[in-house]
Amino acid sequence: MNTVAMNIRVDKNLKEQATELYNDLGLSLSSAINMFLRQSVRDNGFPFKPQRTKRKSEIELAVEEADQLMKDPNAKTYNNLQELWDEIGI
């Protein structure tokens, strides 16, 4: 196999994190990059589906938390607003 050196610029922190990750998986960063490139060539494109991730708003997160609490049989409940206020000291 004929190899060539390749220079790329990447954020230092990202490189450190990726190196640690791939070392934990038993690979060097160079081997991981080679795997990515080989799979890209095999797939004739990215070896994964690139897509934007939608971040959830605070309201969406609060609704999810409320749904989880409603399903939790161990969640604290109150019979009226005064019980809640007494609990939190208002």
# chains A, B, ... in the order shown; residues from 1 in each chain; ligands from 1
>>> residues_around(residues="region 20-33 of chain A", least_positions_apart="5", cutoff="12 Å", atoms="only C-alpha atoms", output="MDAnalysis selection string")
chainID A and resid 3:8 13:15 38:40
>>> write_last_selection(atoms="N, CA, C and O atoms", output="compact mmCIF listing (two decimals), in the first residue's frame")
# COMPACT_ATOMS: atom_id res chain seq x y z
N THR A 3 1.30 4.99 0.80
CA THR A 3 0.65 6.00 1.64
C THR A 3 1.28 7.36 1.42
O THR A 3 2.44 7.46 1.00
N VAL A 4 0.52 8.39 1.72
CA VAL A 4 1.00 9.77 1.63
C VAL A 4 0.62 10.49 2.92
O VAL A 4 -0.37 10.15 3.57
N ALA A 5 1.39 11.49 3.28
CA ALA A 5 1.07 12.31 4.44
C ALA A 5 -0.01 13.31 4.05
O ALA A 5 -0.07 13.78 2.91
N MET A 6 -0.87 13.58 5.00
CA MET A 6 -1.97 14.51 4.75
C MET A 6 -2.04 15.48 5.93
O MET A 6 -2.01 15.06 7.09
N ASN A 7 -2.09 16.76 5.64
CA ASN A 7 -2.19 17.77 6.70
C ASN A 7 -3.60 18.34 6.71
O ASN A 7 -4.10 18.79 5.67
N ILE A 8 -4.22 18.33 7.89
CA ILE A 8 -5.53 18.96 8.03
C ILE A 8 -5.50 19.84 9.27
O ILE A 8 -4.72 19.62 10.19
N ASN A 13 -8.82 20.99 20.88
CA ASN A 13 -9.63 20.26 21.85
C ASN A 13 -10.37 19.10 21.17
O ASN A 13 -10.45 18.00 21.72
N LEU A 14 -10.89 19.33 19.97
CA LEU A 14 -11.57 18.27 19.23
C LEU A 14 -10.61 17.13 18.92
O LEU A 14 -10.95 15.95 19.09
N LYS A 15 -9.39 17.45 18.51
CA LYS A 15 -8.39 16.42 18.22
C LYS A 15 -8.09 15.59 19.46
O LYS A 15 -8.02 14.36 19.41
N ARG A 38 -12.27 5.40 3.76
CA ARG A 38 -12.58 4.16 3.03
C ARG A 38 -14.08 3.92 2.92
O ARG A 38 -14.60 3.58 1.87
N GLN A 39 -14.78 4.13 4.05
CA GLN A 39 -16.22 3.92 4.03
C GLN A 39 -16.92 4.96 3.16
O GLN A 39 -17.90 4.66 2.48
N SER A 40 -16.40 6.18 3.14
CA SER A 40 -16.96 7.23 2.28
C SER A 40 -16.85 6.82 0.82
O SER A 40 -17.80 6.99 0.04
>>> atom_distance(atom1="CA of Met1 (chain A)", atom2="CA of Arg42 (chain A)")
17.7 Å
>>> atom_distance(atom1="CA of Lys76 (chain A)", atom2="CA of Ile88 (chain A)")
12.5 Å
>>> select_by_dssp(residues="chain A", states="helix (DSSP H, G or I)", output="ChimeraX atom specification")
/A:12-24,29-43,58-71,81-88
>>> decode(residues="region 36-60 of chain A", atoms="N, CA, C and O atoms", output="tab-separated table (two decimals), in the first residue's frame")
chain	number	residue	atom	x	y	z
A	36	PHE	N	-12.91	6.20	8.03
A	36	PHE	CA	-13.93	7.13	7.55
A	36	PHE	C	-13.80	7.34	6.03
A	36	PHE	O	-14.79	7.27	5.30
A	37	LEU	N	-12.57	7.57	5.56
A	37	LEU	CA	-12.36	7.82	4.14
A	37	LEU	C	-12.69	6.58	3.30
A	37	LEU	O	-13.33	6.68	2.24
A	38	ARG	N	-12.27	5.40	3.76
A	38	ARG	CA	-12.58	4.16	3.03
A	38	ARG	C	-14.08	3.92	2.92
A	38	ARG	O	-14.60	3.58	1.87
A	39	GLN	N	-14.78	4.13	4.05
A	39	GLN	CA	-16.22	3.92	4.03
A	39	GLN	C	-16.92	4.96	3.16
A	39	GLN	O	-17.90	4.66	2.48
A	40	SER	N	-16.40	6.18	3.14
A	40	SER	CA	-16.96	7.23	2.28
A	40	SER	C	-16.85	6.82	0.82
A	40	SER	O	-17.80	6.99	0.04
A	41	VAL	N	-15.69	6.28	0.44
A	41	VAL	CA	-15.48	5.84	-0.94
A	41	VAL	C	-16.42	4.67	-1.26
A	41	VAL	O	-17.05	4.64	-2.33
A	42	ARG	N	-16.55	3.71	-0.34
A	42	ARG	CA	-17.46	2.58	-0.56
A	42	ARG	C	-18.91	3.03	-0.73
A	42	ARG	O	-19.65	2.51	-1.56
A	43	ASP	N	-19.32	3.99	0.12
A	43	ASP	CA	-20.71	4.47	0.09
A	43	ASP	C	-20.94	5.53	-0.98
A	43	ASP	O	-22.07	5.97	-1.19
A	44	ASN	N	-19.86	5.98	-1.60
A	44	ASN	CA	-19.94	7.06	-2.59
A	44	ASN	C	-20.56	8.31	-1.98
A	44	ASN	O	-21.38	8.99	-2.57
A	45	GLY	N	-20.19	8.59	-0.74
A	45	GLY	CA	-20.69	9.74	0.00
A	45	GLY	C	-20.37	9.58	1.47
A	45	GLY	O	-19.56	8.74	1.84
A	46	PHE	N	-21.02	10.37	2.28
A	46	PHE	CA	-20.80	10.25	3.72
A	46	PHE	C	-21.23	8.87	4.21
A	46	PHE	O	-22.24	8.34	3.76
A	47	PRO	N	-20.51	8.30	5.17
A	47	PRO	CA	-20.90	7.01	5.72
A	47	PRO	C	-21.96	7.15	6.82
A	47	PRO	O	-22.14	6.27	7.64
A	48	PHE	N	-22.63	8.28	6.84
A	48	PHE	CA	-23.73	8.54	7.76
A	48	PHE	C	-24.62	9.58	7.11
A	48	PHE	O	-24.24	10.20	6.11
A	49	LYS	N	-25.80	9.78	7.65
A	49	LYS	CA	-26.73	10.75	7.08
A	49	LYS	C	-26.51	12.10	7.75
A	49	LYS	O	-26.88	12.28	8.92
A	50	PRO	N	-25.90	13.05	7.06
A	50	PRO	CA	-25.71	14.36	7.67
A	50	PRO	C	-27.05	15.08	7.78
A	50	PRO	O	-27.83	15.09	6.83
A	51	GLN	N	-27.32	15.61	8.95
A	51	GLN	CA	-28.56	16.35	9.14
A	51	GLN	C	-28.41	17.33	10.28
A	51	GLN	O	-27.57	17.14	11.15
A	52	ARG	N	-29.20	18.36	10.21
A	52	ARG	CA	-29.21	19.32	11.30
A	52	ARG	C	-29.95	18.72	12.48
A	52	ARG	O	-30.96	18.05	12.31
A	53	THR	N	-29.44	18.96	13.67
A	53	THR	CA	-30.15	18.50	14.84
A	53	THR	C	-30.91	19.68	15.42
A	53	THR	O	-30.37	20.78	15.53
A	54	LYS	N	-32.15	19.44	15.76
A	54	LYS	CA	-32.98	20.49	16.32
A	54	LYS	C	-32.82	20.47	17.83
A	54	LYS	O	-33.04	19.45	18.46
A	55	ARG	N	-32.41	21.58	18.37
A	55	ARG	CA	-32.29	21.68	19.82
A	55	ARG	C	-33.66	21.99	20.39
A	55	ARG	O	-34.41	22.80	19.84
A	56	LYS	N	-33.97	21.36	21.48
A	56	LYS	CA	-35.27	21.55	22.11
A	56	LYS	C	-35.26	22.86	22.90
A	56	LYS	O	-34.29	23.20	23.58
A	57	SER	N	-36.39	23.56	22.83
A	57	SER	CA	-36.52	24.79	23.59
A	57	SER	C	-36.76	24.47	25.06
A	57	SER	O	-37.05	23.33	25.42
A	58	GLU	N	-36.65	25.49	25.90
A	58	GLU	CA	-36.90	25.28	27.33
A	58	GLU	C	-38.33	24.80	27.56
A	58	GLU	O	-38.57	23.98	28.45
A	59	ILE	N	-39.25	25.30	26.78
A	59	ILE	CA	-40.66	24.89	26.93
A	59	ILE	C	-40.82	23.42	26.58
A	59	ILE	O	-41.47	22.67	27.32
A	60	GLU	N	-40.20	22.97	25.48
A	60	GLU	CA	-40.28	21.55	25.10
A	60	GLU	C	-39.67	20.66	26.17
A	60	GLU	O	-40.23	19.61	26.51
